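Engineer: Below is the file final_26.cif, which contains mmCIF, C-alpha atoms.
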```cif
data_coords
loop_
_atom_site.label_atom_id
_atom_site.label_comp_id
_atom_site.auth_asym_id
_atom_site.auth_seq_id
_atom_site.Cartn_x
_atom_site.Cartn_y
_atom_site.Cartn_z
CA MET W 171 -36.44 -5.41 -12.58
CA ALA W 172 -37.17 -2.84 -9.85
CA ALA W 173 -39.19 -5.36 -7.87
CA SER W 174 -36.43 -7.98 -7.97
CA SER W 175 -33.71 -5.48 -7.04
CA ALA W 176 -35.53 -4.12 -4.00
CA PRO W 177 -35.05 -7.24 -1.82
CA ARG W 178 -31.38 -7.35 -2.81
CA ALA W 179 -30.98 -3.69 -1.81
CA ARG W 180 -32.60 -4.39 1.58
CA LEU W 181 -30.32 -7.38 2.16
CA THR W 182 -27.26 -5.30 1.26
CA ALA W 183 -28.31 -2.64 3.75
CA LEU W 184 -28.49 -5.28 6.48
CA ARG W 185 -24.99 -6.62 5.78
CA LEU W 186 -22.11 -5.40 7.87
CA PRO W 187 -20.32 -2.68 5.87
CA ALA W 188 -17.07 -4.69 6.07
CA PHE W 189 -18.78 -7.57 4.24
CA GLY W 190 -19.01 -5.34 1.18
CA ALA W 191 -21.58 -6.08 -1.49
CA GLU W 192 -22.31 -8.95 -3.82
CA PRO W 193 -22.08 -8.24 -7.56
CA ALA W 194 -25.37 -7.53 -9.27
CA GLY W 195 -26.77 -6.23 -12.53
CA GLU W 196 -24.34 -5.80 -15.43
CA ARG W 197 -21.38 -6.63 -13.17
CA LEU W 198 -22.90 -10.03 -12.37
CA ALA W 199 -23.78 -10.56 -16.02
CA ARG W 200 -20.18 -9.87 -16.97
CA ILE W 201 -19.01 -12.36 -14.34
CA ARG W 202 -21.28 -15.04 -15.79
CA ARG W 203 -19.82 -14.38 -19.26
CA SER W 204 -16.27 -14.86 -18.01
CA PRO W 205 -14.47 -17.91 -19.47
CA HIS W 206 -13.18 -18.55 -15.94
CA PHE W 207 -16.67 -18.78 -14.40
CA ALA W 208 -18.56 -22.08 -14.51
CA ASN W 209 -21.17 -23.89 -12.44
CA GLY W 210 -21.86 -20.72 -10.47
CA VAL W 211 -18.29 -20.08 -9.29
CA PHE W 212 -14.93 -18.84 -10.55
CA GLN W 213 -12.61 -21.69 -11.50
CA ASN W 214 -8.96 -21.99 -10.54
CA PRO W 215 -6.27 -22.83 -13.08
CA GLY W 216 -5.57 -26.54 -12.88
CA GLY W 217 -8.95 -27.33 -11.31
CA GLN W 218 -10.71 -26.28 -8.16
CA ALA W 219 -8.57 -25.67 -5.09
CA ARG W 220 -9.39 -26.99 -1.65
CA THR W 221 -10.49 -24.07 0.48
CA ARG W 222 -11.56 -25.91 3.63
CA PRO W 223 -9.25 -27.56 6.15
CA SER W 224 -9.12 -31.33 6.26
CA GLY W 225 -7.34 -33.83 8.47
CA SER W 226 -7.50 -34.31 12.21
CA GLY W 227 -8.96 -31.45 14.19
CA ARG W 228 -7.35 -32.94 17.26
CA ASP W 229 -3.87 -32.72 15.71
CA MET W 230 -4.51 -29.14 14.61
CA ALA W 231 -5.70 -28.16 18.08
CA LYS W 232 -2.68 -29.85 19.63
CA GLN W 233 -0.35 -27.85 17.40
CA PHE W 234 -2.26 -24.63 18.06
CA LEU W 235 -2.13 -25.06 21.83
CA ASP W 236 1.43 -26.36 22.06
CA LYS W 237 3.29 -23.97 24.37
CA ASP W 238 6.64 -24.15 22.60
CA SER W 239 5.25 -23.57 19.11
CA ARG W 240 2.92 -20.81 20.29
CA SER W 241 5.85 -18.88 21.67
CA LEU W 242 7.43 -18.84 18.21
CA ARG W 243 4.36 -17.55 16.36
CA ALA W 244 4.98 -13.96 17.38
CA PRO W 245 8.14 -11.87 17.67
CA GLN W 246 9.80 -11.74 21.07
CA GLY W 247 10.49 -8.01 20.82
CA THR W 248 9.37 -4.90 18.97
CA ILE W 249 9.45 -5.27 15.20
CA PRO W 250 11.59 -2.44 13.79
CA VAL W 251 9.79 -0.05 11.45
CA HIS W 252 11.64 2.31 9.16
CA PRO W 253 10.56 5.94 9.77
CA THR W 254 9.72 6.68 6.14
CA THR W 255 8.62 10.27 5.53
CA LEU W 256 6.86 12.07 2.74
CA ALA W 257 10.13 13.83 1.99
CA ASP W 258 11.81 10.45 1.44
CA LEU W 259 9.13 9.40 -1.00
CA ASN W 260 9.09 12.78 -2.75
CA ARG W 261 12.63 12.14 -4.01
CA PRO W 262 12.33 10.32 -7.33
CA PRO W 263 14.08 6.95 -7.46
CA ALA W 264 17.43 7.33 -9.18
CA THR W 265 16.91 4.14 -11.18
CA GLY W 266 13.25 4.73 -12.01
CA LEU W 267 11.98 1.90 -9.78
CA ARG W 268 11.59 1.89 -6.01
CA LEU W 269 9.60 -0.44 -3.74
CA THR W 270 8.49 0.17 -0.17
CA TRP W 271 7.10 -2.83 1.71
CA MET W 272 4.59 -1.56 4.25
CA GLY W 273 4.08 -4.98 5.82
CA HIS W 274 2.12 -8.11 4.86
CA SER W 275 1.21 -7.73 1.14
CA SER W 276 1.07 -3.93 1.06
CA VAL W 277 3.71 -2.43 -1.24
CA LEU W 278 4.16 1.04 -2.69
CA ALA W 279 5.81 0.77 -6.10
CA GLU W 280 7.21 3.89 -7.74
CA ILE W 281 7.74 2.86 -11.32
CA ASP W 282 8.71 5.04 -14.28
CA GLY W 283 7.30 8.21 -12.77
CA GLN W 284 4.04 6.77 -11.42
CA ARG W 285 2.96 5.35 -8.07
CA VAL W 286 1.15 2.05 -7.57
CA LEU W 287 -0.12 0.88 -4.17
CA PHE W 288 -0.71 -2.88 -3.89
CA ASP W 289 -3.15 -4.40 -1.37
CA PRO W 290 -3.05 -1.51 1.11
CA VAL W 291 -4.01 -2.57 4.64
CA TRP W 292 -3.63 0.16 7.25
CA GLY W 293 -6.33 -1.19 9.58
CA GLU W 294 -5.53 -2.56 13.04
CA ARG W 295 -7.11 -5.97 12.36
CA CYS W 296 -7.74 -8.01 9.23
CA SER W 297 -11.29 -8.83 10.25
CA PRO W 298 -14.85 -7.54 9.77
CA PHE W 299 -14.89 -6.68 13.47
CA PRO W 300 -12.80 -4.02 15.23
CA PHE W 301 -12.63 -6.10 18.43
CA ALA W 302 -11.67 -9.55 17.10
CA GLY W 303 -9.49 -11.19 14.50
CA PRO W 304 -5.76 -11.11 13.69
CA LYS W 305 -4.19 -7.91 15.03
CA ARG W 306 -1.17 -6.09 13.64
CA LEU W 307 2.18 -7.09 15.08
CA HIS W 308 3.72 -3.75 14.11
CA PRO W 309 2.24 -0.33 13.31
CA ALA W 310 1.89 0.93 9.78
CA PRO W 311 5.24 2.53 8.89
CA LEU W 312 3.61 5.89 8.17
CA PRO W 313 0.10 7.34 8.01
CA LEU W 314 -1.78 6.61 4.81
CA ALA W 315 -2.08 10.33 4.07
CA ALA W 316 1.70 10.67 4.29
CA LEU W 317 2.16 8.52 1.20
CA GLY W 318 1.23 11.44 -0.98
CA PRO W 319 -0.72 11.05 -4.25
CA VAL W 320 -1.10 7.53 -5.63
CA ASP W 321 -1.94 6.97 -9.30
CA VAL W 322 -3.57 3.56 -8.88
CA VAL W 323 -4.44 1.19 -6.06
CA VAL W 324 -4.23 -2.46 -7.09
CA ILE W 325 -6.21 -5.12 -5.20
CA SER W 326 -5.43 -8.83 -5.60
CA HIS W 327 -8.61 -10.24 -4.00
CA ASP W 328 -11.24 -9.48 -1.41
CA HIS W 329 -9.97 -11.22 1.74
CA TYR W 330 -9.62 -9.00 4.80
CA ASP W 331 -5.83 -9.02 4.88
CA HIS W 332 -5.76 -7.63 1.32
CA LEU W 333 -8.92 -5.53 1.04
CA ASP W 334 -9.33 -3.37 4.13
CA LEU W 335 -12.48 -1.31 4.67
CA PRO W 336 -10.97 1.63 6.65
CA THR W 337 -8.09 1.92 4.18
CA ILE W 338 -10.35 1.90 1.12
CA LYS W 339 -12.72 4.43 2.69
CA ALA W 340 -9.77 6.74 3.32
CA LEU W 341 -8.55 6.32 -0.26
CA ALA W 342 -12.08 6.85 -1.58
CA GLY W 343 -11.68 10.49 -0.57
CA THR W 344 -8.76 10.93 -2.98
CA ASP W 345 -8.77 10.91 -6.76
CA THR W 346 -6.79 7.69 -7.16
CA LEU W 347 -7.96 4.98 -9.54
CA PHE W 348 -8.48 1.35 -8.51
CA ALA W 349 -7.53 -1.73 -10.51
CA VAL W 350 -9.36 -4.77 -9.14
CA PRO W 351 -10.31 -8.30 -10.21
CA LEU W 352 -13.73 -8.89 -11.71
CA GLY W 353 -16.51 -8.49 -9.14
CA VAL W 354 -14.43 -6.78 -6.44
CA GLY W 355 -15.68 -3.40 -7.63
CA ALA W 356 -19.01 -4.11 -5.90
CA HIS W 357 -17.32 -3.86 -2.50
CA LEU W 358 -15.54 -0.63 -3.40
CA GLU W 359 -18.67 1.04 -4.74
CA ARG W 360 -20.47 0.29 -1.48
CA TRP W 361 -17.58 1.94 0.37
CA GLY W 362 -17.70 5.16 -1.62
CA VAL W 363 -15.52 4.62 -4.70
CA SER W 364 -17.31 5.83 -7.80
CA GLU W 365 -17.74 3.49 -10.75
CA GLY W 366 -15.73 5.84 -12.96
CA ARG W 367 -12.61 5.28 -10.82
CA LEU W 368 -12.74 1.48 -11.15
CA ARG W 369 -10.82 -0.63 -13.64
CA GLU W 370 -12.31 -4.09 -13.13
CA LEU W 371 -10.48 -6.86 -14.98
CA ASP W 372 -10.80 -10.53 -15.74
CA TRP W 373 -7.64 -12.62 -16.09
CA HIS W 374 -5.54 -11.62 -19.10
CA GLU W 375 -7.34 -8.30 -19.45
CA THR W 376 -5.33 -5.08 -19.49
CA THR W 377 -5.90 -1.46 -18.59
CA ARG W 378 -3.76 1.58 -19.30
CA ILE W 379 -3.25 4.17 -16.56
CA GLY W 380 -0.93 6.99 -17.51
CA GLY W 381 2.28 5.43 -18.76
CA LEU W 382 1.59 2.07 -17.10
CA THR W 383 -0.02 -1.08 -18.45
CA LEU W 384 -1.68 -3.22 -15.77
CA THR W 385 -2.65 -6.82 -16.49
CA ALA W 386 -4.66 -9.12 -14.25
CA THR W 387 -3.01 -12.54 -14.41
CA PRO W 388 -4.14 -15.91 -12.98
CA ALA W 389 -3.62 -17.04 -9.40
CA ARG W 390 -4.74 -20.12 -7.50
CA HIS W 391 -6.84 -18.95 -4.57
CA PHE W 392 -10.44 -18.12 -3.62
CA CYS W 393 -12.57 -15.21 -2.40
CA GLY W 394 -15.15 -14.23 0.17
CA ARG W 395 -15.86 -11.75 2.98
CA GLY W 396 -19.31 -12.53 4.35
CA LEU W 397 -21.05 -15.41 6.06
CA ARG W 398 -21.89 -16.74 2.62
CA ASN W 399 -19.12 -16.93 0.03
CA PRO W 400 -20.77 -17.38 -3.36
CA GLN W 401 -17.37 -17.14 -5.13
CA HIS W 402 -18.60 -14.28 -7.33
CA THR W 403 -15.46 -12.19 -7.06
CA LEU W 404 -12.23 -13.10 -8.82
CA TRP W 405 -8.70 -13.27 -7.40
CA ALA W 406 -5.63 -12.30 -9.39
CA SER W 407 -1.93 -11.68 -9.54
CA TRP W 408 -0.84 -8.50 -11.32
CA VAL W 409 1.73 -7.41 -13.87
CA VAL W 410 2.58 -3.70 -14.05
CA ALA W 411 4.70 -2.59 -16.99
CA GLY W 412 6.09 0.90 -17.51
CA GLU W 413 8.24 2.28 -20.28
CA GLU W 414 11.42 0.92 -18.66
CA HIS W 415 10.45 -1.49 -15.88
CA ARG W 416 8.22 -4.48 -15.20
CA ILE W 417 7.04 -5.73 -11.81
CA TYR W 418 4.81 -8.56 -10.60
CA HIS W 419 2.65 -8.95 -7.47
CA SER W 420 1.49 -12.48 -6.69
CA GLY W 421 -1.41 -11.72 -4.38
CA ASP W 422 -2.24 -14.98 -2.61
CA THR W 423 -1.78 -18.18 -4.59
CA GLY W 424 -0.87 -21.80 -4.46
CA TYR W 425 1.97 -22.89 -6.68
CA PHE W 426 0.85 -23.80 -10.21
CA GLU W 427 2.25 -24.21 -13.70
CA GLY W 428 0.85 -20.86 -14.83
CA PHE W 429 3.82 -18.91 -13.46
CA ARG W 430 5.82 -20.08 -16.46
CA ASP W 431 3.14 -18.82 -18.83
CA ILE W 432 2.97 -15.44 -17.09
CA GLY W 433 6.75 -15.14 -17.28
CA ALA W 434 6.83 -16.09 -20.95
CA GLU W 435 4.16 -13.53 -21.88
CA HIS W 436 5.04 -10.64 -19.56
CA GLY W 437 8.51 -11.23 -18.10
CA PRO W 438 11.21 -11.15 -17.19
CA PHE W 439 10.66 -8.76 -14.28
CA ASP W 440 12.86 -6.21 -12.56
CA ALA W 441 11.19 -7.19 -9.29
CA THR W 442 8.57 -9.60 -8.04
CA MET W 443 6.54 -9.42 -4.83
CA ILE W 444 5.84 -13.02 -3.85
CA GLN W 445 3.58 -14.49 -1.14
CA VAL W 446 5.64 -16.73 1.17
CA GLY W 447 3.72 -16.86 4.48
CA ALA W 448 0.64 -18.55 6.00
CA TYR W 449 1.39 -22.10 4.84
CA SER W 450 1.17 -25.33 6.82
CA ASP W 451 3.89 -27.24 8.63
CA PHE W 452 1.96 -30.45 7.96
CA TRP W 453 2.65 -30.65 4.23
CA PRO W 454 4.33 -33.95 3.28
CA LYS W 455 7.26 -34.18 0.92
CA ASN W 456 5.22 -34.22 -2.27
CA HIS W 457 3.28 -31.12 -1.08
CA THR W 458 0.09 -32.33 -2.79
CA ASP W 459 -1.68 -34.69 -0.37
CA SER W 460 -1.32 -32.72 2.80
CA MET W 461 -3.25 -32.10 5.98
CA PRO W 462 -3.79 -28.35 5.78
CA LEU W 463 -4.47 -25.94 8.60
CA PRO W 464 -6.98 -23.08 8.76
CA GLY W 465 -5.76 -20.22 6.56
CA ALA W 466 -2.80 -22.25 5.35
CA TRP W 467 -3.91 -24.74 2.72
CA PRO W 468 -1.53 -26.05 0.07
CA ASP W 469 -3.85 -25.32 -2.85
CA ILE W 470 -4.08 -21.62 -2.10
CA HIS W 471 -0.86 -20.50 -0.36
CA MET W 472 2.77 -21.19 -1.28
CA ASN W 473 5.51 -22.13 1.10
CA PRO W 474 8.77 -20.14 0.80
CA SER W 475 10.50 -22.71 -1.40
CA GLN W 476 7.57 -22.65 -3.80
CA GLY W 477 7.70 -18.86 -3.65
CA VAL W 478 11.32 -18.88 -4.82
CA GLN W 479 10.36 -21.45 -7.46
CA SER W 480 7.56 -19.21 -8.72
CA HIS W 481 10.00 -16.32 -9.05
CA LEU W 482 12.34 -18.51 -11.12
CA ASP W 483 9.41 -19.54 -13.32
CA LEU W 484 8.43 -15.91 -13.83
CA GLN W 485 12.03 -15.18 -14.82
CA GLN W 486 11.81 -17.98 -17.40
CA GLY W 487 13.76 -20.52 -15.38
CA ARG W 488 16.78 -18.47 -14.36
CA PRO W 489 17.67 -16.35 -11.34
CA GLY W 490 17.19 -12.70 -12.17
CA GLY W 491 15.57 -9.51 -11.01
CA VAL W 492 14.87 -9.11 -7.30
CA MET W 493 12.38 -11.04 -5.20
CA LEU W 494 10.59 -9.25 -2.35
CA PRO W 495 8.95 -11.74 0.06
CA ILE W 496 5.48 -10.58 1.13
CA HIS W 497 2.53 -11.92 3.16
CA TRP W 498 4.53 -12.46 6.32
CA GLY W 499 5.56 -10.56 9.45
CA THR W 500 2.55 -8.30 10.06
CA PHE W 501 -0.29 -10.66 11.03
CA ASN W 502 -0.24 -14.10 12.65
CA LEU W 503 -2.30 -16.13 10.18
CA SER W 504 -0.93 -19.65 10.52
CA LEU W 505 0.86 -22.03 12.87
CA HIS W 506 4.40 -21.73 11.58
CA PRO W 507 6.96 -19.65 13.52
CA TRP W 508 6.76 -15.93 12.83
CA ALA W 509 10.25 -15.72 11.30
CA GLU W 510 10.18 -19.02 9.46
CA PRO W 511 9.02 -17.71 6.06
CA VAL W 512 11.90 -15.27 5.71
CA GLU W 513 14.51 -17.72 7.03
CA TRP W 514 13.30 -20.33 4.55
CA VAL W 515 13.28 -17.83 1.68
CA LEU W 516 16.83 -16.83 2.54
CA ALA W 517 17.97 -20.45 2.36
CA ALA W 518 16.02 -21.30 -0.79
CA ALA W 519 17.06 -18.18 -2.68
CA GLY W 520 20.67 -18.57 -1.61
CA ALA W 521 20.71 -22.12 -2.95
CA VAL W 522 19.87 -20.93 -6.46
CA GLY W 523 21.72 -17.61 -6.42
CA GLN W 524 18.59 -15.49 -6.46
CA ALA W 525 18.73 -11.92 -5.12
CA VAL W 526 16.21 -11.21 -2.35
CA ALA W 527 15.33 -7.89 -0.73
CA LEU W 528 14.73 -8.10 3.03
CA PRO W 529 13.66 -4.63 4.18
CA VAL W 530 12.12 -3.77 7.51
CA PRO W 531 8.56 -2.48 7.05
CA GLY W 532 8.62 0.98 5.52
CA GLN W 533 12.20 0.85 4.19
CA PRO W 534 12.34 2.00 0.54
CA PHE W 535 14.81 0.32 -1.77
CA GLU W 536 15.63 0.29 -5.46
CA PRO W 537 15.96 -3.17 -7.03
CA ALA W 538 18.81 -1.92 -9.22
CA GLY W 539 20.59 -0.34 -6.24
CA ASP W 540 21.83 -1.54 -2.87
CA LEU W 541 19.44 -4.15 -1.52
CA PRO W 542 18.48 -4.41 2.16
CA THR W 543 19.79 -7.83 3.21
CA ARG W 544 20.49 -7.66 6.96
CA PRO W 545 18.50 -10.39 8.81
CA TRP W 546 16.85 -7.87 11.12
CA TRP W 547 14.13 -10.31 12.26
CA ARG W 548 16.73 -12.27 14.22
CA ASP W 549 16.93 -9.36 16.66
CA VAL W 550 13.36 -10.04 17.78
CA SER W 551 12.94 -13.77 17.18
CA PRO W 552 14.53 -16.91 18.66
CA ALA W 553 16.87 -18.81 16.38
CA LEU W 554 15.14 -21.43 14.24
CA SER W 555 16.92 -24.71 13.73
CA ARG W 556 15.66 -26.61 10.72
CA LYS W 557 16.89 -28.05 7.45
CA TRP W 558 14.97 -25.93 4.97
CA PRO W 559 13.57 -27.63 1.84
CA ILE W 560 14.95 -25.76 -1.17
CA PRO W 561 14.57 -25.90 -4.96
CA GLU W 562 16.83 -28.44 -6.65
CA ILE W 563 19.74 -26.51 -8.16
CA ALA W 564 21.31 -29.04 -10.52
CA SER W 565 20.07 -26.96 -13.43
CA VAL W 566 18.22 -23.67 -13.42
CA ALA W 567 17.98 -23.38 -17.20
CA SER W 568 14.84 -25.52 -17.37
CA ARG W 569 11.84 -25.60 -15.06
CA ASP W 570 11.67 -29.38 -15.54
CA ASP W 571 14.96 -29.67 -13.66
CA LEU W 572 13.65 -27.68 -10.68
CA ASP W 573 11.84 -30.11 -8.38
CA LEU W 574 11.48 -29.56 -4.69
CA VAL W 575 13.65 -31.76 -2.52
CA GLY W 576 12.35 -33.39 0.65
CA GLU W 577 12.83 -31.99 4.11
CA GLY W 578 15.46 -34.59 5.06
#
```
For this file, write the structure as structure tokens.
Structural biologist:
Amino acid sequence: MAASSAPRARLTALRLPAFGAEPAGERLARIRRSPHFANGVFQNPGGQARTRPSGSGRDMAKQFLDKDSRSLRAPQGTIPVHPTTLADLNRPPATGLRLTWMGHSSVLAEIDGQRVLFDPVWGERCSPFPFAGPKRLHPAPLPLAALGPVDVVVISHDHYDHLDLPTIKALAGTDTLFAVPLGVGAHLERWGVSEGRLRELDWHETTRIGGLTLTATPARHFCGRGLRNPQHTLWASWVVAGEEHRIYHSGDTGYFEGFRDIGAEHGPFDATMIQVGAYSDFWPKNHTDSMPLPGAWPDIHMNPSQGVQSHLDLQQGRPGGVMLPIHWGTFNLSLHPWAEPVEWVLAAAGAVGQAVALPVPGQPFEPAGDLPTRPWWRDVSPALSRKWPIPEIASVASRDDLDLVGEG
């Protein structure tokens, strides 16, 4: 055993620290025992997802280089950031539940007396390199240390815009616990998080942290940080349930039937945090046989209408709770206009009567209180003129009646 592990240790030492580490030993054995692992890789619900772009490279390059569309892929002014302070966050939420969107998929949830930090990314770039890769479009709303104590950090998967080396290394110096999908713990251990602080879960597994129950639930995505992506780390959405409140974080996912099952078992939710950005403009009306773009493939990212649909599914087919759109605004990861995800969400949610919170980064809000709804992004983005595809609203009592309409 020692002889076989020595070459692996040498290879790990040669890897860039940001690449993390591949699972080994008992962690790898546990992965191989997972019912969701087959043929050497983790399997998506509903069959394997496409994780490589297809279609015409010439058309993709044309879209990427188009002057008019490029000008829309970033804000035209300074993105407003709410000056949240430690004093603000030290005041307990009056309703027992408060969310603070820090940008992209990073959210601080204060729920029933405990604090959960989802997918924290405080780094300047979501990349293994400090000099290249997507750069932040706005600063972090406050320093990581100014958040105060966090009971648990929850990671959805190991991509750079969700699992950030400098952020994790900073949090490794605290006493917070980490809830992560199966296999992701290998990265965190390499970065200084002790094994005893890890709660590493397969789908449908649960851990108890203080008064909270955390459950890893399925998502339709993929994993990988290095030059080789052996698909040995799992991806997940997460349910967090306290004594009084329930919340859901989608991570990254394509739309799939499993949202209904998650809602039936764990919902309904007081609030959901749903991925709505980094999709492709090239999807056809049936959104299944599309020509995807890098970082924006239909099998693994939802468009905003699908995001609203997933929230309805999680709420068992009816509008309810509050939806917080995430995975937009902070990094330019696709070819759609910067403000398109939130404009589309606003139209889709309005069509079905679903409440949506639209805070600026760093603005705390309570889902049971006054929601931030001012379209602040219009101050820094050109107006977008488009007929937004929305969920069919003839009946919201049954998911079978909620099909996506065409773009028209």
Engineer: What lies within 9 Å of Gly477 of chain W using all atoms listed in the file, ignoring chain neighbours under 2 positions off, as JSON, numbers by chain?
Structural biologist: {"W": [425, 444, 445, 446, 472, 473, 474, 475, 479, 480, 481, 482, 495, 515]}
Engineer: Can those selected residues be exported to a file as a compact mmCIF listing (two decimals), in the frame of the given file so that it contains C-alpha atoms?
Structural biologist:
```
# COMPACT_ATOMS: atom_id res chain seq x y z
CA TYR W 425 1.97 -22.89 -6.68
CA ILE W 444 5.84 -13.02 -3.85
CA GLN W 445 3.58 -14.49 -1.14
CA VAL W 446 5.64 -16.73 1.17
CA MET W 472 2.77 -21.19 -1.28
CA ASN W 473 5.51 -22.13 1.10
CA PRO W 474 8.77 -20.14 0.80
CA SER W 475 10.50 -22.71 -1.40
CA GLN W 479 10.36 -21.45 -7.46
CA SER W 480 7.56 -19.21 -8.72
CA HIS W 481 10.00 -16.32 -9.05
CA LEU W 482 12.34 -18.51 -11.12
CA PRO W 495 8.95 -11.74 0.06
CA VAL W 515 13.28 -17.83 1.68
```
Engineer: What does the distance between atom CA of Ser407 of chain W and atom CA of Ala264 of chain W come to in Å, to one decimal place?
Structural biologist: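 These two atoms are separated by 27.1 Å.
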Engineer: Excluding Ala340 of chain W and residues on its chain fewer than 4 positions from it, collect all residues at most 10 Å away from it, counting all atoms listed in the file, and give them as a ChimeraX atom specification.
Structural biologist: /W:292,314-315,335-336,344,361-362
Engineer: Taking into account only C-alpha atoms, which residue in the set W:Ala199, W:Leu312, W:Leu541, W:Met272 is nearest to Pro253 of chain W?
Structural biologist: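 Smallest separation from Pro253 of chain W among the options: W:Leu312.
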Engineer: I need the residue nearest Leu198 of chain W from this list: W:Ala517, W:Leu278, W:Ile379, W:Leu352. Use all atoms listed in the file for the distance.
Structural biologist: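 Using all atoms listed in the file, Leu198 of chain W sits closest to W:Leu352.
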Engineer: Find, counting all atoms listed in the file, the residue in W:His308, W:His436, W:His402, W:His471 that gets nearest to Gly424 of chain W.
Structural biologist: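 Going through W:His308, W:His436, W:His402, W:His471 one by one, the smallest distance to Gly424 of chain W is for W:His471.
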Engineer: What residues come out when you apply the PyMOL selection byres ((chain W and resi 212) around 8) to this file, written as a list in words?
Structural biologist: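 Going through the file, the PyMOL selection byres ((chain W and resi 212) around 8) ends up selecting His206, Phe207, Ala208, Gly210, Val211, Gln213, Asn214, Gln401, His402, Thr403 and Leu404 of chain W.
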Engineer: If you apply the PyMOL selection byres ((chain W and resi 318) around 10) to this file, what residues do you get, as a PyMOL selection string?
Structural biologist: chain W and resi 255-257+259-260+285+313-317+319-321
Engineer: Counting only C-alpha atoms, figure out which residue out of W:Ile249, W:Ile325, W:Ala434, W:Leu528 gets nearest to Leu269 of chain W.
Structural biologist: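 Between W:Ile249, W:Ile325, W:Ala434, W:Leu528, the residue approaching Leu269 of chain W most closely is W:Leu528.
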Engineer: Selection in question (the file shown): the PyMOL selection byres ((chain W and resi 499-505) around 6). Which residues does it include, as a VMD selection string?
Structural biologist: chain W and resid 273 to 274 306 to 307 448 498 506
Engineer: May I ask which of the residues W:Glu435, W:Glu413, W:Glu280, W:Asp345 is the closest one to Leu368 of chain W, counting only C-alpha atoms?
Structural biologist: W:Asp345
Engineer: Write out as an NGL selection string the residues lying within 10 Å of Pro250 of chain W, counting all atoms listed in the file and excluding same-chain residues fewer than 6 positions away.
Structural biologist: :W and (308-309 or 311 or 530-532 or 546-547 or 549-550)
Engineer: Let's have the selection written as an mmCIF file, in the frame of the given file, with C-alpha atoms.
Structural biologist:
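Final output, saved to again.cif:
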```
data_model
loop_
_atom_site.group_PDB
_atom_site.id
_atom_site.type_symbol
_atom_site.label_atom_id
_atom_site.label_comp_id
_atom_site.auth_asym_id
_atom_site.auth_seq_id
_atom_site.Cartn_x
_atom_site.Cartn_y
_atom_site.Cartn_z
ATOM 1 C CA HIS W 308 3.720 -3.750 14.110
ATOM 2 C CA PRO W 309 2.240 -0.330 13.310
ATOM 3 C CA PRO W 311 5.240 2.530 8.890
ATOM 4 C CA VAL W 530 12.120 -3.770 7.510
ATOM 5 C CA PRO W 531 8.560 -2.480 7.050
ATOM 6 C CA GLY W 532 8.620 0.980 5.520
ATOM 7 C CA TRP W 546 16.850 -7.870 11.120
ATOM 8 C CA TRP W 547 14.130 -10.310 12.260
ATOM 9 C CA ASP W 549 16.930 -9.360 16.660
ATOM 10 C CA VAL W 550 13.360 -10.040 17.780
#
```
Engineer: Tell me which protein, DNA and RNA residues are within 7 Å of Gly412 of chain W, counting all atoms listed in the file, leaving out same-chain ones fewer than 5 positions away, and put them as a count of residues only.
Structural biologist: 5
Engineer: Please check which residues have atoms at most 9 Å from (-10.1, -3.9, 2.6) in the file's coordinates, counting only C-alpha atoms, and write them as a count of residues only.
Structural biologist: 22
Engineer: Distance cut-off 12 Å, centre (-18.9, 2.2, -12.8) in file coordinates, counting all atoms listed in the file: which residues qualify? Return them as a PyMOL selection string.
Structural biologist: chain W and resi 195-197+347-348+353-356+358-360+362-370
Engineer: For the selection you just gave me, I'd like the residues written to a file as a compact mmCIF listing (two decimals), in the coordinates of the input, keeping C-alpha atoms.
Structural biologist:
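Contents of out.txt, as written:
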```txt
# COMPACT_ATOMS: atom_id res chain seq x y z
CA GLY W 195 -26.77 -6.23 -12.53
CA GLU W 196 -24.34 -5.80 -15.43
CA ARG W 197 -21.38 -6.63 -13.17
CA LEU W 347 -7.96 4.98 -9.54
CA PHE W 348 -8.48 1.35 -8.51
CA GLY W 353 -16.51 -8.49 -9.14
CA VAL W 354 -14.43 -6.78 -6.44
CA GLY W 355 -15.68 -3.40 -7.63
CA ALA W 356 -19.01 -4.11 -5.90
CA LEU W 358 -15.54 -0.63 -3.40
CA GLU W 359 -18.67 1.04 -4.74
CA ARG W 360 -20.47 0.29 -1.48
CA GLY W 362 -17.70 5.16 -1.62
CA VAL W 363 -15.52 4.62 -4.70
CA SER W 364 -17.31 5.83 -7.80
CA GLU W 365 -17.74 3.49 -10.75
CA GLY W 366 -15.73 5.84 -12.96
CA ARG W 367 -12.61 5.28 -10.82
CA LEU W 368 -12.74 1.48 -11.15
CA ARG W 369 -10.82 -0.63 -13.64
CA GLU W 370 -12.31 -4.09 -13.13
```
Engineer: Quick one: distance from atom CA of Val478 of chain W to atom CA of Phe392 of chain W in Å, one decimal?
Structural biologist: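 Computed distance, atom CA of Val478 of chain W to atom CA of Phe392 of chain W, equals 21.8 Å.
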Engineer: Kindly give the distance, in Å, that separates atom CA of Gly437 of chain W and atom CA of Pro511 of chain W, rounded to a single decimal.
Structural biologist: 25.0 Å
Engineer: Using all atoms listed in the file, which residue out of W:Gly539, W:Pro534, W:Pro245, W:Pro559 lies closest to Asp258 of chain W?
Structural biologist: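 Smallest separation from Asp258 of chain W among the options: W:Pro534.
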